[in-house]
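Engineer: What follows is run_4.tsv; its format and atoms are TSV, C-alpha atoms and all ligand atoms.
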```tsv
chain	number	residue	atom	x	y	z
A	1	MET	CA	96.85	114.16	111.57
A	2	LYS	CA	96.68	110.93	109.57
A	3	ARG	CA	99.87	110.62	107.55
A	4	LYS	CA	99.28	109.27	104.07
A	5	LEU	CA	101.25	106.22	102.98
A	6	ALA	CA	102.97	105.25	99.75
A	7	ALA	CA	104.09	101.66	100.24
A	8	GLY	CA	106.18	99.79	97.67
A	9	ASN	CA	106.08	96.02	97.29
A	10	TRP	CA	109.18	94.86	95.47
A	11	LYS	CA	107.96	91.24	95.43
A	12	MET	CA	110.73	88.88	94.22
A	13	ASN	CA	112.68	91.71	92.60
A	14	GLY	CA	115.70	93.71	93.57
A	15	SER	CA	119.33	93.33	94.46
A	16	ARG	CA	121.70	95.16	96.76
A	17	ALA	CA	122.53	97.47	93.85
A	18	ALA	CA	118.85	98.35	93.48
A	19	LEU	CA	118.86	99.87	96.96
A	20	ALA	CA	120.69	102.85	95.44
A	21	GLU	CA	117.20	103.91	94.25
A	22	PHE	CA	116.44	104.92	97.84
A	23	ASP	CA	118.54	108.08	97.60
A	24	ALA	CA	116.33	109.63	94.95
A	25	MET	CA	113.13	108.59	96.78
A	26	GLN	CA	113.96	110.63	99.91
A	27	PRO	CA	112.22	113.88	98.87
A	28	GLY	CA	108.90	112.04	98.79
A	29	VAL	CA	108.88	111.70	102.58
A	30	THR	CA	107.25	114.70	104.24
A	31	ASP	CA	105.23	115.55	107.33
A	32	SER	CA	102.13	114.38	105.48
A	33	VAL	CA	103.49	111.44	103.47
A	34	GLU	CA	105.25	108.33	104.70
A	35	MET	CA	107.07	106.08	102.23
A	36	VAL	CA	107.76	102.42	102.89
A	37	ILE	CA	109.58	99.87	100.74
A	38	CYS	CA	109.04	96.14	101.25
A	39	PRO	CA	112.00	94.45	99.56
A	40	PRO	CA	112.67	90.71	99.44
A	41	ALA	CA	113.70	89.31	102.82
A	42	THR	CA	117.32	88.99	101.74
A	43	LEU	CA	117.53	92.76	101.43
A	44	VAL	CA	115.67	93.90	104.53
A	45	ALA	CA	118.67	94.40	106.81
A	46	THR	CA	120.73	96.19	104.16
A	47	ALA	CA	117.69	98.21	103.11
A	48	VAL	CA	117.30	99.43	106.69
A	49	GLU	CA	120.89	100.70	106.64
A	50	LYS	CA	120.26	102.62	103.43
A	51	ALA	CA	116.67	103.64	104.15
A	52	GLY	CA	117.20	107.25	105.19
A	53	ALA	CA	113.68	108.61	105.72
A	54	LEU	CA	111.99	105.57	104.17
A	55	GLY	CA	110.39	102.87	106.27
A	56	ILE	CA	111.21	99.25	105.49
A	57	GLY	CA	108.87	96.27	105.62
A	58	GLY	CA	108.72	92.57	104.94
A	59	GLN	CA	106.37	90.93	102.43
A	60	THR	CA	105.01	88.19	104.70
A	61	CYS	CA	105.82	86.54	108.02
A	62	HIS	CA	105.32	83.22	109.74
A	63	VAL	CA	102.78	83.05	112.54
A	64	LYS	CA	105.40	81.82	115.01
A	65	ALA	CA	108.40	83.74	116.31
A	66	SER	CA	110.87	80.89	115.70
A	67	GLY	CA	111.03	77.15	115.13
A	68	ALA	CA	111.38	74.32	112.64
A	69	HIS	CA	109.89	76.05	109.59
A	70	THR	CA	112.47	75.81	106.83
A	71	GLY	CA	112.50	78.79	104.52
A	72	ASP	CA	110.13	80.90	106.59
A	73	ILE	CA	110.83	84.19	108.30
A	74	SER	CA	109.17	85.42	111.47
A	75	ALA	CA	107.87	88.86	112.28
A	76	ALA	CA	110.36	88.98	115.14
A	77	MET	CA	113.18	88.39	112.65
A	78	LEU	CA	111.92	91.19	110.43
A	79	LYS	CA	111.79	93.46	113.46
A	80	ASP	CA	115.29	92.38	114.46
A	81	ALA	CA	116.49	93.28	110.95
A	82	GLY	CA	115.06	96.76	111.45
A	83	ALA	CA	111.75	96.51	109.61
A	84	SER	CA	108.74	98.42	110.86
A	85	TYR	CA	106.03	97.03	108.56
A	86	VAL	CA	105.01	93.72	107.04
A	87	ILE	CA	102.52	92.99	104.27
A	88	THR	CA	100.08	90.22	105.15
A	89	GLY	CA	97.50	88.55	102.93
A	90	HIS	CA	98.82	89.75	99.59
A	91	SER	CA	96.81	87.96	96.90
A	92	GLU	CA	99.98	86.38	95.51
A	93	ARG	CA	100.53	84.76	98.94
A	94	ARG	CA	96.88	83.76	99.17
A	95	THR	CA	97.09	82.15	95.70
A	96	ASP	CA	100.65	80.79	95.59
A	97	HIS	CA	100.77	79.58	99.19
A	98	GLY	CA	97.11	78.91	99.91
A	99	GLU	CA	96.96	81.44	102.73
A	100	SER	CA	93.47	81.74	104.19
A	101	ASN	CA	91.87	84.63	106.02
A	102	ALA	CA	92.65	82.81	109.28
A	103	ASP	CA	96.31	82.51	108.26
A	104	VAL	CA	96.43	86.21	107.44
A	105	ALA	CA	94.85	87.09	110.78
A	106	ALA	CA	97.39	84.94	112.63
A	107	GLN	CA	100.26	86.53	110.70
A	108	SER	CA	98.93	89.99	111.48
A	109	THR	CA	98.75	89.16	115.19
A	110	ALA	CA	102.32	87.86	115.00
A	111	ALA	CA	103.34	91.11	113.31
A	112	TRP	CA	101.81	93.18	116.11
A	113	GLU	CA	103.39	91.03	118.79
A	114	ALA	CA	106.76	91.68	117.20
A	115	GLY	CA	106.08	95.42	117.05
A	116	LEU	CA	105.41	95.66	113.32
A	117	VAL	CA	102.57	97.43	111.55
A	118	ALA	CA	100.59	94.98	109.40
A	119	ILE	CA	99.55	96.03	105.90
A	120	ILE	CA	96.63	93.65	105.51
A	121	CYS	CA	95.58	93.06	101.89
A	122	VAL	CA	92.14	92.20	100.57
A	123	GLY	CA	90.76	92.09	97.05
A	124	GLU	CA	88.37	90.33	94.73
A	125	THR	CA	89.14	88.23	91.67
A	126	LEU	CA	87.81	89.18	88.24
A	127	GLU	CA	85.23	86.42	88.45
A	128	GLU	CA	84.01	87.76	91.79
A	129	ARG	CA	83.89	91.30	90.41
A	130	GLU	CA	81.95	90.23	87.35
A	131	SER	CA	79.45	88.22	89.38
A	132	GLY	CA	78.70	91.22	91.58
A	133	ALA	CA	80.23	89.65	94.69
A	134	THR	CA	82.92	92.27	95.34
A	135	LEU	CA	81.54	93.93	98.47
A	136	ASN	CA	80.65	90.58	100.04
A	137	VAL	CA	84.10	89.17	99.29
A	138	ILE	CA	85.82	92.21	100.75
A	139	ALA	CA	83.59	92.16	103.83
A	140	GLU	CA	84.40	88.50	104.40
A	141	GLN	CA	88.14	89.10	103.97
A	142	LEU	CA	88.08	92.09	106.33
A	143	ALA	CA	86.17	90.12	108.95
A	144	GLY	CA	88.42	87.07	108.68
A	145	SER	CA	91.82	88.66	108.09
A	146	ILE	CA	91.83	91.53	110.59
A	147	PRO	CA	92.08	90.40	114.21
A	148	ASP	CA	90.03	92.06	116.94
A	149	ALA	CA	93.03	93.87	118.38
A	150	ALA	CA	93.48	96.05	115.29
A	151	THR	CA	94.12	99.74	115.88
A	152	ALA	CA	94.79	102.69	113.63
A	153	ALA	CA	98.44	102.47	114.69
A	154	ASN	CA	99.08	98.78	114.13
A	155	THR	CA	97.07	98.21	110.94
A	156	VAL	CA	96.90	99.51	107.39
A	157	VAL	CA	94.36	97.96	105.01
A	158	ALA	CA	95.15	97.65	101.31
A	159	TYR	CA	92.35	97.09	98.80
A	160	GLU	CA	93.96	95.33	95.87
A	161	PRO	CA	91.65	93.88	93.22
A	162	VAL	CA	93.47	90.73	92.10
A	163	TRP	CA	92.72	91.51	88.45
A	164	ALA	CA	94.35	94.93	88.72
A	165	ILE	CA	97.68	93.73	90.11
A	166	GLY	CA	100.46	93.92	87.54
A	167	THR	CA	97.96	94.02	84.67
A	168	GLY	CA	97.72	97.72	83.88
A	169	LYS	CA	93.96	97.43	84.47
A	170	VAL	CA	92.53	99.76	87.09
A	171	PRO	CA	88.98	99.84	88.47
A	172	THR	CA	86.91	102.91	87.73
A	173	LEU	CA	87.13	105.65	90.32
A	174	GLU	CA	83.52	104.86	91.24
A	175	GLN	CA	84.46	101.23	91.89
A	176	ILE	CA	87.40	102.26	94.09
A	177	ALA	CA	85.18	104.72	95.96
A	178	GLU	CA	82.48	102.12	96.50
A	179	VAL	CA	84.88	99.60	98.04
A	180	HIS	CA	86.78	102.14	100.13
A	181	ASP	CA	83.57	103.71	101.48
A	182	ASP	CA	82.27	100.27	102.32
A	183	MET	CA	85.52	99.22	103.99
A	184	ARG	CA	85.51	102.37	106.15
A	185	ALA	CA	81.91	101.72	107.14
A	186	LYS	CA	82.54	98.06	107.97
A	187	LEU	CA	85.64	98.94	110.00
A	188	SER	CA	83.67	101.62	111.81
A	189	ASP	CA	80.90	99.16	112.68
A	190	ARG	CA	83.44	96.74	114.08
A	191	PHE	CA	86.12	98.91	115.67
A	192	GLY	CA	84.34	102.23	116.21
A	193	THR	CA	84.62	105.45	114.28
A	194	GLU	CA	87.81	106.72	115.88
A	195	ILE	CA	89.85	103.62	115.03
A	196	ALA	CA	88.26	103.24	111.59
A	197	ASP	CA	88.83	106.87	110.65
A	198	GLY	CA	92.43	106.73	111.81
A	199	MET	CA	93.23	103.54	109.91
A	200	ARG	CA	94.88	104.13	106.56
A	201	LEU	CA	93.16	102.52	103.59
A	202	LEU	CA	95.43	102.05	100.58
A	203	TYR	CA	94.43	101.30	97.03
A	204	GLY	CA	96.74	98.91	95.15
A	205	GLY	CA	96.76	97.61	91.58
A	206	SER	CA	98.59	99.18	88.64
A	207	VAL	CA	99.10	102.55	90.33
A	208	LYS	CA	101.41	104.72	88.22
A	209	ALA	CA	102.40	108.37	88.20
A	210	GLY	CA	99.88	108.90	85.41
A	211	ASN	CA	96.82	107.66	87.32
A	212	ALA	CA	97.86	108.52	90.88
A	213	ALA	CA	96.22	111.96	91.09
A	214	GLU	CA	92.75	110.75	90.19
A	215	ILE	CA	93.00	107.72	92.49
A	216	PHE	CA	94.24	109.82	95.43
A	217	ALA	CA	91.33	112.23	94.94
A	218	VAL	CA	88.89	109.39	95.70
A	219	PRO	CA	87.43	109.76	99.22
A	220	ASN	CA	88.74	107.27	101.79
A	221	VAL	CA	91.91	106.54	99.79
A	222	ASP	CA	94.80	107.34	102.14
A	223	GLY	CA	97.61	106.14	99.92
A	224	ALA	CA	98.72	103.30	97.70
A	225	LEU	CA	100.38	99.93	97.74
A	226	VAL	CA	102.52	99.93	94.62
A	227	GLY	CA	104.24	96.99	92.97
A	228	GLY	CA	106.02	97.53	89.65
A	229	ALA	CA	106.14	101.30	89.90
A	230	SER	CA	107.92	101.20	93.26
A	231	LEU	CA	111.11	99.66	91.93
A	232	LYS	CA	112.53	102.86	90.47
A	233	ALA	CA	112.62	106.25	92.14
A	234	ALA	CA	111.71	107.84	88.81
A	235	ASP	CA	108.36	106.05	89.02
A	236	PHE	CA	107.75	105.92	92.78
A	237	LEU	CA	108.76	109.45	93.77
A	238	PRO	CA	106.12	111.13	91.55
A	239	ILE	CA	103.47	108.86	93.09
A	240	ALA	CA	104.50	109.93	96.61
A	241	GLU	CA	104.65	113.57	95.56
A	242	THR	CA	101.18	113.30	94.03
A	243	LEU	CA	99.96	111.82	97.30
A	244	GLY	CA	101.41	114.79	99.15
A	245	ALA	CA	99.58	117.18	96.87
A	246	ALA	CA	96.24	115.34	97.11
B	301	LIG	C1	101.06	94.76	94.37
B	301	LIG	O1	101.66	93.75	94.09
B	301	LIG	O2	100.74	94.95	95.55
B	301	LIG	C2	100.71	95.70	93.31
B	301	LIG	C3	99.84	96.62	93.56
B	301	LIG	O3	101.36	95.54	92.10
B	301	LIG	P1	101.29	96.52	90.83
B	301	LIG	O4	101.37	97.94	91.34
B	301	LIG	O5	102.45	96.14	89.99
B	301	LIG	O6	99.98	96.27	90.16
```
The structure given in the file should be rewritten as structure tokens.
Ligand code: PEP
Structural biologist:
Amino acid sequence: MKRKLAAGNWKMNGSRAALAEFDAMQPGVTDSVEMVICPPATLVATAVEKAGALGIGGQTCHVKASGAHTGDISAAMLKDAGASYVITGHSERRTDHGESNADVAAQSTAAWEAGLVAIICVGETLEERESGATLNVIAEQLAGSIPDAATAANTVVAYEPVWAIGTGKVPTLEQIAEVHDDMRAKLSDRFGTEIADGMRLLYGGSVKAGNAAEIFAVPNVDGALVGGASLKAADFLPIAETLGAA
């Protein structure tokens, strides 16, 4: 059975004190729902100690395992700190750090080599959406960002429209369905139906407790990547519980 996934991206937020939120998140983890928190790198090791039933992930990783790369963190280091996931290709990394599809693919390969599951993010800008380019943009990102060795076990794909992240704007359910159906079909063409069907496809962008039920009812949505609403258990737990009920 494919376990659904509620993944939280804390971005550059959180402190050791904030990890106390984990206690109240625990009931969200069930046989059918996995919960993962990706805190800032400074908190990964401590987060692992306090994780309980939650999984812990990093927010990016360098393509190399070690070396002269000041300020960077490798997938191997995340693994050593106890992480099991890493986000790659988040649009904030693509924009702020100029990460290309090829960079994201290399990071994802590095994640797998270290034994991490890669949560590979794709998503169109508002301009691309408005010009009707969404499906082409997503297809190009999927083709360029997901390496050939992807499996259902080592990869999660997150569709995150850039214009929906942190804005409170959410695509229509039809728009989410269109992209998720297309992603599943493209993945199936490339990797075969078994791998594509087993791979979890997350929607991300302004998911809240109030809109989670309708989003999780969309076919081919296997969970969510959640930013702001993952910081507090009072916001994140209801999202995970809604996922469990979907
Ligand atoms: C994100 O950063 O991945 C995200 C989805 O953020 P938010 O939920 O705050 O829109």
Engineer: Please build the interface table for range 141-233 of chain A against range 111-129 of chain A with a cut-off of 7 Å, listing for each qualifying residue the nearest atom pair and the distance in Å to one decimal; count all atoms listed in the file, order rows by chain and increasing number, and write it as JSON lines.
Structural biologist:
```
{"residue": "A:Gln141", "atom": "CA", "partner": "A:Val122", "partner_atom": "CA", "distance": 6.1}
{"residue": "A:Asn154", "atom": "CA", "partner": "A:Val117", "partner_atom": "CA", "distance": 4.5}
{"residue": "A:Thr155", "atom": "CA", "partner": "A:Ala118", "partner_atom": "CA", "distance": 5.0}
{"residue": "A:Val156", "atom": "CA", "partner": "A:Ile119", "partner_atom": "CA", "distance": 4.6}
{"residue": "A:Val157", "atom": "CA", "partner": "A:Ile120", "partner_atom": "CA", "distance": 4.9}
{"residue": "A:Ala158", "atom": "CA", "partner": "A:Cys121", "partner_atom": "CA", "distance": 4.6}
{"residue": "A:Tyr159", "atom": "CA", "partner": "A:Val122", "partner_atom": "CA", "distance": 5.2}
{"residue": "A:Glu160", "atom": "CA", "partner": "A:Gly123", "partner_atom": "CA", "distance": 4.7}
{"residue": "A:Pro161", "atom": "CA", "partner": "A:Gly123", "partner_atom": "CA", "distance": 4.3}
{"residue": "A:Val162", "atom": "CA", "partner": "A:Thr125", "partner_atom": "CA", "distance": 5.0}
{"residue": "A:Trp163", "atom": "CA", "partner": "A:Leu126", "partner_atom": "CA", "distance": 5.4}
```
Engineer: Using all atoms listed in the file, which of the listed residues (A:Ala6, A:Ala139, A:Val218, A:Ala153) sits closest to Glu174 in chain A?
Structural biologist: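 Answer, going by the shortest atom-to-atom distance: A:Val218.
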Engineer: Counting only C-alpha atoms, write as a list in words all protein and nucleic acid residues lying at most 8 Å from (107.4, 96.5, 103.3) in the file's frame.
Structural biologist: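 Those residues lying close to the given coordinates are Ala7, Gly8, Asn9, Val36, Ile37, Cys38, Pro39, Gly55, Ile56, Gly57, Gly58, Gln59, Ala83, Ser84, Tyr85, Val86 and Ile87 of chain A.
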Engineer: Show me which residues line ligand LIG 301 (chain B), defined as having an atom within 9 Å of a ligand atom where all atoms listed in the file count, and present them as a count of residues only.
Structural biologist: 34
Engineer: So the first atom is CA of His97 in chain A and the second is CA of Pro40 in chain A; what is the distance between them in Å, to one decimal place?
Structural biologist: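 Between CA of His97 in chain A and CA of Pro40 in chain A the gap is 16.3 Å.
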Engineer: Give me the residues within 9 Å of Gly144 in chain A as a PyMOL selection string, counting all atoms listed in the file and dropping any in the same chain fewer than 2 places off.
Structural biologist: chain A and resi 100-102+104-105+139-142+146-147
Engineer: Edge lengths and centre in Å to one decimal, as JSON, of the axis-aligned box that encloses all listed atoms of range 125-136 of chain A with 6 Å added on every side?
Structural biologist:
```
{"center_x": 83.9, "center_y": 90.2, "center_z": 93.7, "size_x": 22.4, "size_y": 19.5, "size_z": 24.7}
```
Engineer: What does the distance between CA of Ala177 in chain A and CA of Leu135 in chain A come to in Å, to one decimal place?
Structural biologist: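 CA of Leu135 in chain A lies 11.7 Å from CA of Ala177 in chain A.
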Engineer: Which residues are close to Ala245 in chain A, i.e. within 10 Å by all atoms listed in the file, leaving aside same-chain residues fewer than 4 positions away? Reply as a list in words.
Structural biologist: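 Everything that qualifies: Ser32, Val33, Ala213, Phe216, Ala217, Ile239, Ala240 and Glu241 of chain A.
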Engineer: Could you tell me which of A:Ala75, A:Met25, A:Leu5, A:Ala185 comes closest to His62 in chain A if we count only C-alpha atoms?
Structural biologist: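 Nearest to His62 in chain A: A:Ala75.
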Engineer: Quick check, in Å to one decimal: how far apart do CA of Ala24 in chain A and CA of Gly223 in chain A lie?
Structural biologist: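 Separating CA of Ala24 in chain A from CA of Gly223 in chain A is a distance of 19.7 Å.
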Engineer: Rank A:Ala53, A:Ala149, A:Met1, A:Leu231 by their smallest atom-to-atom distance to Gly14 in chain A, using all atoms listed in the file, and report the top residue only.
Structural biologist: A:Leu231
Engineer: Identify which of the residues A:Ala233, A:Ala150, A:Val221, A:Ala68 lies closest to Leu19 in chain A, counting all atoms listed in the file when measuring atom-to-atom distances.
Structural biologist: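 Using all atoms listed in the file, Leu19 in chain A sits closest to A:Ala233.
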Engineer: Choose the residue, out of A:Leu237, A:Lys50, A:Ser145, A:Ala152, that has the smallest atom-to-atom separation from Glu194 in chain A; count all atoms listed in the file.
Structural biologist: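 Of the candidates, the smallest distance to Glu194 in chain A is held by A:Ala152.
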Engineer: When you count all atoms listed in the file, which of these residues is closest to Ile176 in chain A: A:Thr42, A:Thr60, A:Thr95, A:Asn220?
Structural biologist: A:Asn220
